[in-house]
Amino acid sequence: MMQVWPVRLPRPTSEKLAADHPLLTGQRVLDALFPCVQGGTTAIPGAFGCGKTVISQSLSKYSNSDFIVYVGCFAAGTQVLRADGSPASIEDIAVGEQVLGEDGQPRDVVALPRGRETMYEVAEVAGGSDDKVPGGITFVCNATHELVVRTDQRTVVAEGNGQTVVSYFALDAAPDLLSGRTIELVSTHSRCFEHSTGGAADAQRRAAEFAAAIPDGPIDWTVEARDVERMDAEARRATHQRYAPVRVEQPSLADAAAEAGLAAPAAAAAETAYLLGLWAAGCADSDSGPTLSVRVGDEAVVQRVVAAGADGTATAHTRDGYTAVSLRSKVGQLLWAWVHKLGLSGGAKPNPAALRTETYDVREQFLAGLVDAAG
């Protein structure tokens, strides 16, 4: 959506249309003192830190515009989902194709901006560490790419040093004098209530009232990739990227069940997905066949695994506090085939990305297997 054109050379036009409708910005000071028209041109001049970016962001949120364009670039090789749910490298996407948007709905590709900028790697890490999750989401984006994130609120009331302290997260906006930008970041805030003023009981009461007034819901916001390192450690640990829902349903596992000759492909796919969830969570007993180990005491899970071998044989034996069930059925064969197809064999057990476009039932059963494996 970029065109290079000499500044002093007029653009060729056949007719200049008269503006006949105001642009309602939602900001009363602008609508009253500096009215704009739809289709017109407006500039927001000002010195560093005077709020130009805040005004432009407010216009983007509240003005009666049909759409707002934010340009964000990915490095070559970054995987995106086409409208049918199939993955593709970003450099293979062409104008006119459709990709899935943040709401899981198809979006038309209207332009392919190109440029050079400092690039940042964004990776999914295990909680409380910097270790990447095996098979997790990883991509490389430009410095000004906006990440859609969520910070889970955490309100803590603590006592110490003659005061009651309330710690919580809040979204702040502050000017950056070097770049002239206004940067919004979630950071850790603290409010102290001294015991020396009114006594400890009064300080605790006022702290409790203050804590109760803090919204307990998550904070949804956006942050440019280059600004993530500005966040304090506590806020960063509580912040994660929001994932776009995938509303496309491709019954690949059910199709495989039908090819395997199973009588009820949809039900067999759901059952296989449950077994895959157990396998991915670490219940794999062996890499030489479809054998699952379940903790002794989880009888409902054991019985469900045994039932999956109803059309063949399922042998179970207990050792070292676990019940190992070996499946020699068509469902077991399907499980074994998909263990290899999804890369779940071996030591690492990543969450298979291929299931994100499966039917909702298959996805739910896979998650149920993960949960049941944890007891």
# chains A, B, ... in the order shown; residues from 1 in each chain; ligands from 1
>>> select_by_dssp(residues="segment 122-274 of chain A", states="strand (DSSP E)", output="number ranges by chain")
A: 122-123, 138-142, 146-151, 156-160, 163-176, 181-194, 219-224, 239-241
>>> residues_around(residues="segment 231-236 of chain A", least_positions_apart="5", cutoff="9 Å", atoms="only C-alpha atoms", output="list in words")
Thr151, Asp152, Phe169, Leu185, Val186, Ser187 and Thr188 of chain A
>>> residues_around(residues="segment 239-244 of chain A", least_positions_apart="4", cutoff="6 Å", atoms="only C-alpha atoms", output="list in words")
Glu102, Asp103, Val148, Val149, Arg150 and Thr151 of chain A
>>> select_by_dssp(residues="segment 291-331 of chain A", states="alpha helix (DSSP H)", output="VMD selection string")
chain A and resid 299 to 307 330 to 331
>>> residues_around(residues="Tyr274 of chain A", least_positions_apart="6", cutoff="12 Å", atoms="only C-alpha atoms", output="PDB file with N, CA and C atoms, in the first residue's frame")
ATOM      1  N   LEU A 253      -8.253 -36.000  10.630  1.00  0.00           N
ATOM      2  CA  LEU A 253      -8.158 -37.229  11.424  1.00  0.00           C
ATOM      3  C   LEU A 253      -9.346 -38.142  11.152  1.00  0.00           C
ATOM      4  N   ALA A 267     -16.246 -40.396  15.526  1.00  0.00           N
ATOM      5  CA  ALA A 267     -16.048 -40.850  16.906  1.00  0.00           C
ATOM      6  C   ALA A 267     -14.637 -41.413  17.090  1.00  0.00           C
ATOM      7  N   ALA A 268     -14.148 -42.153  16.092  1.00  0.00           N
ATOM      8  CA  ALA A 268     -12.796 -42.710  16.169  1.00  0.00           C
ATOM      9  C   ALA A 268     -11.754 -41.609  16.173  1.00  0.00           C
ATOM     10  N   ALA A 280       1.092 -36.959  24.107  1.00  0.00           N
ATOM     11  CA  ALA A 280       1.851 -35.710  24.082  1.00  0.00           C
ATOM     12  C   ALA A 280       2.192 -35.226  25.479  1.00  0.00           C
ATOM     13  N   ALA A 281       1.346 -35.576  26.468  1.00  0.00           N
ATOM     14  CA  ALA A 281       1.583 -35.130  27.844  1.00  0.00           C
ATOM     15  C   ALA A 281       2.600 -35.998  28.572  1.00  0.00           C
ATOM     16  N   CYS A 283       2.511 -39.680  28.520  1.00  0.00           N
ATOM     17  CA  CYS A 283       2.036 -41.012  28.890  1.00  0.00           C
ATOM     18  C   CYS A 283       2.540 -42.099  27.940  1.00  0.00           C
ATOM     19  N   LEU A 292       0.449 -46.926  26.141  1.00  0.00           N
ATOM     20  CA  LEU A 292       0.293 -45.764  27.016  1.00  0.00           C
ATOM     21  C   LEU A 292       0.373 -46.198  28.478  1.00  0.00           C
ATOM     22  N   VAL A 301      -9.410 -43.213  33.307  1.00  0.00           N
ATOM     23  CA  VAL A 301      -8.544 -43.037  32.134  1.00  0.00           C
ATOM     24  C   VAL A 301      -8.096 -44.394  31.612  1.00  0.00           C
ATOM     25  N   ARG A 304     -10.843 -46.042  29.724  1.00  0.00           N
ATOM     26  CA  ARG A 304     -11.081 -45.416  28.413  1.00  0.00           C
ATOM     27  C   ARG A 304     -10.030 -45.857  27.408  1.00  0.00           C
ATOM     28  N   VAL A 305      -8.776 -45.972  27.856  1.00  0.00           N
ATOM     29  CA  VAL A 305      -7.720 -46.435  26.953  1.00  0.00           C
ATOM     30  C   VAL A 305      -7.960 -47.889  26.557  1.00  0.00           C
ATOM     31  N   ALA A 308     -10.506 -48.299  23.923  1.00  0.00           N
ATOM     32  CA  ALA A 308     -10.066 -47.933  22.569  1.00  0.00           C
ATOM     33  C   ALA A 308      -9.556 -49.145  21.803  1.00  0.00           C
ATOM     34  N   VAL A 331      -7.838 -48.425  16.138  1.00  0.00           N
ATOM     35  CA  VAL A 331      -7.608 -47.124  16.762  1.00  0.00           C
ATOM     36  C   VAL A 331      -6.156 -47.011  17.201  1.00  0.00           C
ATOM     37  N   GLY A 332      -5.594 -48.101  17.736  1.00  0.00           N
ATOM     38  CA  GLY A 332      -4.190 -48.094  18.127  1.00  0.00           C
ATOM     39  C   GLY A 332      -3.274 -47.884  16.935  1.00  0.00           C
ATOM     40  N   LEU A 335      -3.558 -44.275  16.015  1.00  0.00           N
ATOM     41  CA  LEU A 335      -2.798 -43.498  16.981  1.00  0.00           C
ATOM     42  C   LEU A 335      -1.306 -43.535  16.632  1.00  0.00           C
ATOM     43  N   LEU A 355      -3.123 -29.925  14.510  1.00  0.00           N
ATOM     44  CA  LEU A 355      -4.467 -30.099  15.061  1.00  0.00           C
ATOM     45  C   LEU A 355      -5.228 -28.784  15.218  1.00  0.00           C
ATOM     46  N   ASP A 361     -14.353 -30.823  18.020  1.00  0.00           N
ATOM     47  CA  ASP A 361     -14.424 -32.001  18.875  1.00  0.00           C
ATOM     48  C   ASP A 361     -13.049 -32.648  19.022  1.00  0.00           C
ATOM     49  N   VAL A 362     -12.315 -32.747  17.923  1.00  0.00           N
ATOM     50  CA  VAL A 362     -10.977 -33.337  17.972  1.00  0.00           C
ATOM     51  C   VAL A 362     -10.057 -32.475  18.833  1.00  0.00           C
ATOM     52  N   ARG A 363     -10.117 -31.166  18.675  1.00  0.00           N
ATOM     53  CA  ARG A 363      -9.268 -30.284  19.482  1.00  0.00           C
ATOM     54  C   ARG A 363      -9.607 -30.406  20.972  1.00  0.00           C
ATOM     55  N   GLU A 364     -10.904 -30.459  21.284  1.00  0.00           N
ATOM     56  CA  GLU A 364     -11.314 -30.562  22.691  1.00  0.00           C
ATOM     57  C   GLU A 364     -10.867 -31.889  23.303  1.00  0.00           C
ATOM     58  N   GLN A 365     -10.964 -32.975  22.529  1.00  0.00           N
ATOM     59  CA  GLN A 365     -10.545 -34.275  23.061  1.00  0.00           C
ATOM     60  C   GLN A 365      -9.037 -34.337  23.257  1.00  0.00           C
ATOM     61  N   PHE A 366      -8.277 -33.692  22.384  1.00  0.00           N
ATOM     62  CA  PHE A 366      -6.823 -33.635  22.574  1.00  0.00           C
ATOM     63  C   PHE A 366      -6.498 -32.895  23.863  1.00  0.00           C
ATOM     64  N   LEU A 367      -7.171 -31.777  24.109  1.00  0.00           N
ATOM     65  CA  LEU A 367      -6.947 -31.040  25.355  1.00  0.00           C
ATOM     66  C   LEU A 367      -7.372 -31.860  26.572  1.00  0.00           C
ATOM     67  N   ALA A 368      -8.475 -32.624  26.407  1.00  0.00           N
ATOM     68  CA  ALA A 368      -8.928 -33.482  27.517  1.00  0.00           C
ATOM     69  C   ALA A 368      -7.873 -34.521  27.860  1.00  0.00           C
ATOM     70  N   GLY A 369      -7.197 -35.058  26.855  1.00  0.00           N
ATOM     71  CA  GLY A 369      -6.121 -36.009  27.100  1.00  0.00           C
ATOM     72  C   GLY A 369      -4.969 -35.364  27.843  1.00  0.00           C
ATOM     73  N   LEU A 370      -4.613 -34.129  27.472  1.00  0.00           N
ATOM     74  CA  LEU A 370      -3.544 -33.406  28.175  1.00  0.00           C
ATOM     75  C   LEU A 370      -3.908 -33.202  29.634  1.00  0.00           C
ATOM     76  N   VAL A 371      -5.180 -32.805  29.889  1.00  0.00           N
ATOM     77  CA  VAL A 371      -5.604 -32.531  31.261  1.00  0.00           C
ATOM     78  C   VAL A 371      -5.647 -33.816  32.084  1.00  0.00           C
ATOM     79  N   ASP A 372      -6.220 -34.883  31.518  1.00  0.00           N
ATOM     80  CA  ASP A 372      -6.335 -36.137  32.270  1.00  0.00           C
ATOM     81  C   ASP A 372      -4.962 -36.739  32.570  1.00  0.00           C
ATOM     82  N   ALA A 373      -4.003 -36.496  31.689  1.00  0.00           N
ATOM     83  CA  ALA A 373      -2.655 -37.042  31.938  1.00  0.00           C
ATOM     84  C   ALA A 373      -2.021 -36.397  33.158  1.00  0.00           C
TER      85      ALA A 373
END
>>> closest_residue(among="A:Pro12, A:Gly96, A:Gly101, A:Pro218", to="Arg154 of chain A", atoms="only C-alpha atoms")
A:Pro218
>>> atom_distance(atom1="atom CA of Leu147 of chain A", atom2="atom CA of Asp130 of chain A")
18.5 Å
>>> atom_distance(atom1="atom CA of Ala225 of chain A", atom2="atom CA of Gln105 of chain A")
24.5 Å
>>> atom_distance(atom1="atom CA of Ala212 of chain A", atom2="atom CA of Leu171 of chain A")
17.8 Å
>>> residues_around(residues="segment 132-143 of chain A", least_positions_apart="5", cutoff="9 Å", atoms="only C-alpha atoms", output="number ranges by chain")
A: 72-79, 116-126, 224-227, 348-353
>>> closest_residue(among="A:Tyr360, A:Ala260, A:Leu81, A:Leu112", to="Val95 of chain A", atoms="only C-alpha atoms")
A:Leu112
>>> residues_around(residues="Leu262 of chain A", least_positions_apart="5", cutoff="12 Å", atoms="only C-alpha atoms", output="NGL selection string")
:A and (253-257 or 267-269 or 271-272 or 308 or 310-312 or 329-334)
>>> write_last_selection(atoms="N, CA and C atoms", output="tab-separated table (two decimals), in the first residue's frame")
chain	number	residue	atom	x	y	z
A	253	LEU	N	-8.25	-36.00	10.63
A	253	LEU	CA	-8.16	-37.23	11.42
A	253	LEU	C	-9.35	-38.14	11.15
A	254	ALA	N	-10.53	-37.58	10.96
A	254	ALA	CA	-11.70	-38.39	10.62
A	254	ALA	C	-11.53	-39.03	9.24
A	255	ASP	N	-10.95	-38.29	8.29
A	255	ASP	CA	-10.70	-38.86	6.97
A	255	ASP	C	-9.72	-40.02	7.06
A	256	ALA	N	-8.70	-39.88	7.92
A	256	ALA	CA	-7.75	-40.97	8.10
A	256	ALA	C	-8.42	-42.17	8.76
A	257	ALA	N	-9.35	-41.91	9.68
A	257	ALA	CA	-10.08	-43.02	10.33
A	257	ALA	C	-10.95	-43.75	9.32
A	267	ALA	N	-16.25	-40.40	15.53
A	267	ALA	CA	-16.05	-40.85	16.91
A	267	ALA	C	-14.64	-41.41	17.09
A	268	ALA	N	-14.15	-42.15	16.09
A	268	ALA	CA	-12.80	-42.71	16.17
A	268	ALA	C	-11.75	-41.61	16.17
A	269	ALA	N	-12.01	-40.53	15.40
A	269	ALA	CA	-11.08	-39.41	15.38
A	269	ALA	C	-11.01	-38.74	16.74
A	271	GLU	N	-11.66	-40.11	19.66
A	271	GLU	CA	-10.99	-41.00	20.61
A	271	GLU	C	-9.48	-41.02	20.38
A	272	THR	N	-9.08	-41.01	19.11
A	272	THR	CA	-7.65	-40.98	18.79
A	272	THR	C	-7.03	-39.68	19.26
A	308	ALA	N	-10.51	-48.30	23.92
A	308	ALA	CA	-10.07	-47.93	22.57
A	308	ALA	C	-9.56	-49.15	21.80
A	310	ALA	N	-11.20	-52.01	21.75
A	310	ALA	CA	-12.34	-52.93	21.72
A	310	ALA	C	-12.43	-53.69	20.40
A	311	ASP	N	-11.97	-53.07	19.29
A	311	ASP	CA	-12.08	-53.75	18.00
A	311	ASP	C	-10.86	-54.62	17.72
A	312	GLY	N	-9.98	-54.78	18.71
A	312	GLY	CA	-8.81	-55.63	18.55
A	312	GLY	C	-8.45	-56.22	19.89
A	329	SER	N	-5.33	-52.50	18.10
A	329	SER	CA	-6.61	-52.33	17.43
A	329	SER	C	-6.42	-51.34	16.29
A	330	LYS	N	-7.50	-51.11	15.52
A	330	LYS	CA	-7.42	-50.13	14.44
A	330	LYS	C	-7.21	-48.72	14.98
A	331	VAL	N	-7.84	-48.42	16.14
A	331	VAL	CA	-7.61	-47.12	16.76
A	331	VAL	C	-6.16	-47.01	17.20
A	332	GLY	N	-5.59	-48.10	17.74
A	332	GLY	CA	-4.19	-48.09	18.13
A	332	GLY	C	-3.27	-47.88	16.93
A	333	GLN	N	-3.61	-48.50	15.82
A	333	GLN	CA	-2.80	-48.32	14.61
A	333	GLN	C	-2.90	-46.88	14.10
A	334	LEU	N	-4.11	-46.30	14.18
A	334	LEU	CA	-4.28	-44.91	13.77
A	334	LEU	C	-3.50	-43.98	14.70
>>> closest_residue(among="A:Val223, A:Pro251, A:Asp202, A:Gly261", to="His145 of chain A", atoms="only C-alpha atoms")
A:Val223
